[in-house]
Every structure is written in structure tokens, then in C-alpha cells.
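Q: This is the structure I want to talk about, given as C-alpha cells.
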Amino acid sequence: MVIASVEAEPGVIRVAARSTARGARCPGCRGWSERVHGSYQRHPAHLPTAGKAVALALTVRRFLCGNRECPRRTFAEQVAGLTRPYAHRTERQRSTLARIALALAGRAGARLAHLLGMNAGRDTLLPLIRALPDPDRPTPRVLGVDDFAFRRGHTYGTILIDIDTHRPIDVLPDREAATLARWLADHPGVEVICRDRSTAYADGARAGAPNAEHCADRWHLFYNLVEAVEKTVIRHRALLPEPEPPDDRPAVTAEDVRAAASTARTTAAPRTSGRISDRTRERHQTIHELHHNGHSLRGIAAQLGLARNTVRRFLRA
């Protein structure tokens, strides 16, 4: 491409250019042609320079395709790195707007583009993000596998994460063992699988990557530890000693403690046994009230987000 002329006007720089290639390849049959059918001008939007807009007038030629079997009779030439078919922007402006859209998304990206001298709304920036190819991510050495809810209580999926980089790799449509096994078979090279104690994930990981080691991630370790400690404390709460009184209070004798304990056993209301028991007791009361008001098992399960077998067990309790 050669620049024929440059004219600087208030607020705009006008550039006239034309292609110097001898010919072009047909996009249909990839045949080479040097037979010129005609020419016309394109005006793709370009990046501003020195605070001024750039009005580009690019003269391109239309060639005749010499292949009689090709469905294209004529085709327009493209300037490599500058234009693409049917595009109203140059490649440099398109790539710049795509970077802005990736960083700021629609509304904020449109405001920044306007400040930089490029007219692009959010409806223009968002399709640029969708048109970008997916990044080529290598198979991770340590793969994290966990489930998440598309719709809590109804539809669940599986998210795969590269533990070394803490970045998501892929999203599976369900949490079945066969789906995970198929993904691992298509992406060999996983050495360690970090997962929860789900049986489906265990079976899928053994089937898809039989040589990989299995381990639990830190979150599930702490979560399981908290659950175990909470259940143990609730089960043996009666054996825990009472807290010692502050120093500013008078000392309590053993006889006073025995008398207070005897009074508490005979007169005090039963003490709640912890968070899990509170939730269980409230759920039991709610289910019995709904059932007393005429609601069916299916209706109670749908209203509370529980399984019917769970509702049935509460009603029998």
C-alpha cells in the first residue's frame, strides 16, 4: 500500500491510499488472479492521531476469478493487516476497541473510546468480545474439580480450575462421572486431581485419568473439619465444663455449683444444642405446620427446597 496524499484540516486528517499488489487470491477457490474488473473506494474508520480523527480513503480493486467452477465471478482485494471483508473499521482500531471492551466491558468502554476519539457504543464493543477466539490453555498439571449451581436445587454443573494459576479452564454442563471422565480422556496430562469427596467425581477421575493422584483442597478440608468439630461439640456439650467466673465476682464454692445444677435440671428449660439442632428444630416445626394446614408432601418439598423423602422423615419424627 502506498499513501497518495495527506491533507490536514481542522479536527481531521485525510489520507488517500491505494494497494500496490499485482493481484489477489480468490476467497472462494484460493486461485490467483491479476485481471482487474474495476475499483472503488473504502472508508474504514482508523485510529485517531495527534488528537485528530483520521479519514482514510482507500482505493481497492475488484478482480475477476479465472476459475470457471468457482461460484465467485469477482472479488475485492484485501490489504493485509488493514482491512477485512465487509468491515467498517481497520484492524488496528478493531483490536484496540476489543482490548478496551475486555478491560471495561460495554458502557465504560464506550465512554473511554469516545474520549480517545473513536465512536463505538456498547452494542459495538460487546460483539467484539464474543468474536474473540477462546484462549489456548494447556492441560494443567494440577486440576481442581468442584460443582456449582446454575440454579440452586435444580441444575448443577462442574467447574475445572488450574490450581497452579487459579484460573478456570472449562465448565461442564453437569456433575456426572462420565462427563468428567470424557474431559480427562480428551485432555491427557493431569497428574493431580484436587476434588471434594463426591463419589461421581472420584469415579470419573479414576476412569479418565487412572494414573493421577487424588487429594482434597484446603477449603473442603477446613469445611469438613468444622462440621466434624461442631457435631462432636453438640453431641458432648453436656460434658463441657462451665466457664470460670471473672476475677471481680465472688468465688463460687462446689456446694453452690451442685445446688445450681440441681435447680437447673428441675426448673430450667432445655438448652438448645447448637446451630444444627436449631435449624433442624425450626425445619421440623415448619414442616408440621404446613402439613397441618393441608399442604401435600410435594408442595412442602417445593416450598422449602427439600426432597420429599426428607419431608417424609420430618413428618414421621
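In the C-alpha cells, chains take the letters A, B, ... in the order shown, each chain's residues start at 1, and ligands count up from 1 in the order shown.
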Could you name the residues that touch Cys65 in chain A at 8 Å or less, counting only C-alpha atoms, but leaving out those on the same chain fewer than 5 positions away, as an NGL selection string?
A: :A and (26 or 31-33 or 35 or 70 or 72-75)
Q: Name the residues of range 51-187 of chain A that fall into helix (DSSP H, G or I) according to DSSP on the backbone, using the chain letters and numbers of this document, as a compact mmCIF listing (two decimals) with C-alpha atoms, in the first residue's frame.
A:
```
# COMPACT_ATOMS: atom_id res chain seq x y z
CA GLU A 91 -7.76 -3.94 12.02
CA ARG A 92 -5.84 -1.61 14.34
CA GLN A 93 -8.98 0.16 15.51
CA ARG A 94 -10.82 -3.14 15.83
CA SER A 95 -8.08 -4.67 18.01
CA THR A 96 -7.87 -1.51 20.14
CA LEU A 97 -11.62 -1.50 20.76
CA ALA A 98 -11.50 -5.21 21.60
CA ARG A 99 -8.85 -4.55 24.28
CA ILE A 100 -10.95 -1.70 25.69
CA ALA A 101 -14.03 -3.94 25.76
CA LEU A 102 -12.14 -6.72 27.54
CA ALA A 103 -10.92 -4.32 30.21
CA LEU A 104 -14.06 -2.22 30.76
CA ARG A 107 -20.79 1.21 28.95
CA ALA A 108 -17.45 2.19 30.49
CA GLY A 109 -15.58 1.03 27.37
CA ALA A 110 -17.83 3.17 25.15
CA ARG A 111 -17.11 6.23 27.31
CA LEU A 112 -13.34 5.68 27.11
CA ALA A 113 -13.48 5.05 23.35
CA HIS A 114 -15.36 8.34 22.89
CA LEU A 115 -12.71 10.20 24.91
CA ARG A 122 -21.73 -0.76 23.92
CA ASP A 123 -23.62 -2.67 21.22
CA THR A 124 -20.45 -2.46 19.13
CA LEU A 125 -17.97 -3.40 21.86
CA LEU A 126 -19.76 -6.47 23.23
CA PRO A 127 -19.84 -8.34 19.87
CA LEU A 128 -16.09 -7.70 19.58
CA ILE A 129 -15.61 -9.67 22.80
CA ARG A 130 -17.82 -12.51 21.55
CA ALA A 131 -15.89 -12.65 18.27
CA ALA A 177 -18.82 -39.16 36.29
CA ALA A 178 -18.99 -39.92 32.56
CA THR A 179 -18.73 -36.22 31.63
CA LEU A 180 -15.64 -35.69 33.77
CA ALA A 181 -14.06 -38.91 32.51
CA ARG A 182 -14.62 -37.87 28.90
CA TRP A 183 -12.98 -34.46 29.50
CA LEU A 184 -9.95 -36.03 31.20
CA ALA A 185 -9.58 -38.54 28.36
CA ASP A 186 -9.60 -35.70 25.80
```
Q: Would you mind telling me which residue in A:Ala8, A:Val145, A:Ile234, A:Met118 lies nearest to His220 in chain A when using only C-alpha atoms?
A: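 Looking at the shortest contact to His220 in chain A, the residue is A:Val145.
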Q: Take CA of Gly81 in chain A and CA of Ile3 in chain A and report the distance between them in Å, one decimal.
A: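 Value for the CA of Gly81 in chain A-CA of Ile3 in chain A distance: 15.4 Å.
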Q: Which residue is closest to Arg68 in chain A? Choose from A:Cys29, A:Val12, A:Val229, A:Leu143 and count only C-alpha atoms.
A: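 The answer is A:Cys29, which sits nearest to Arg68 in chain A.
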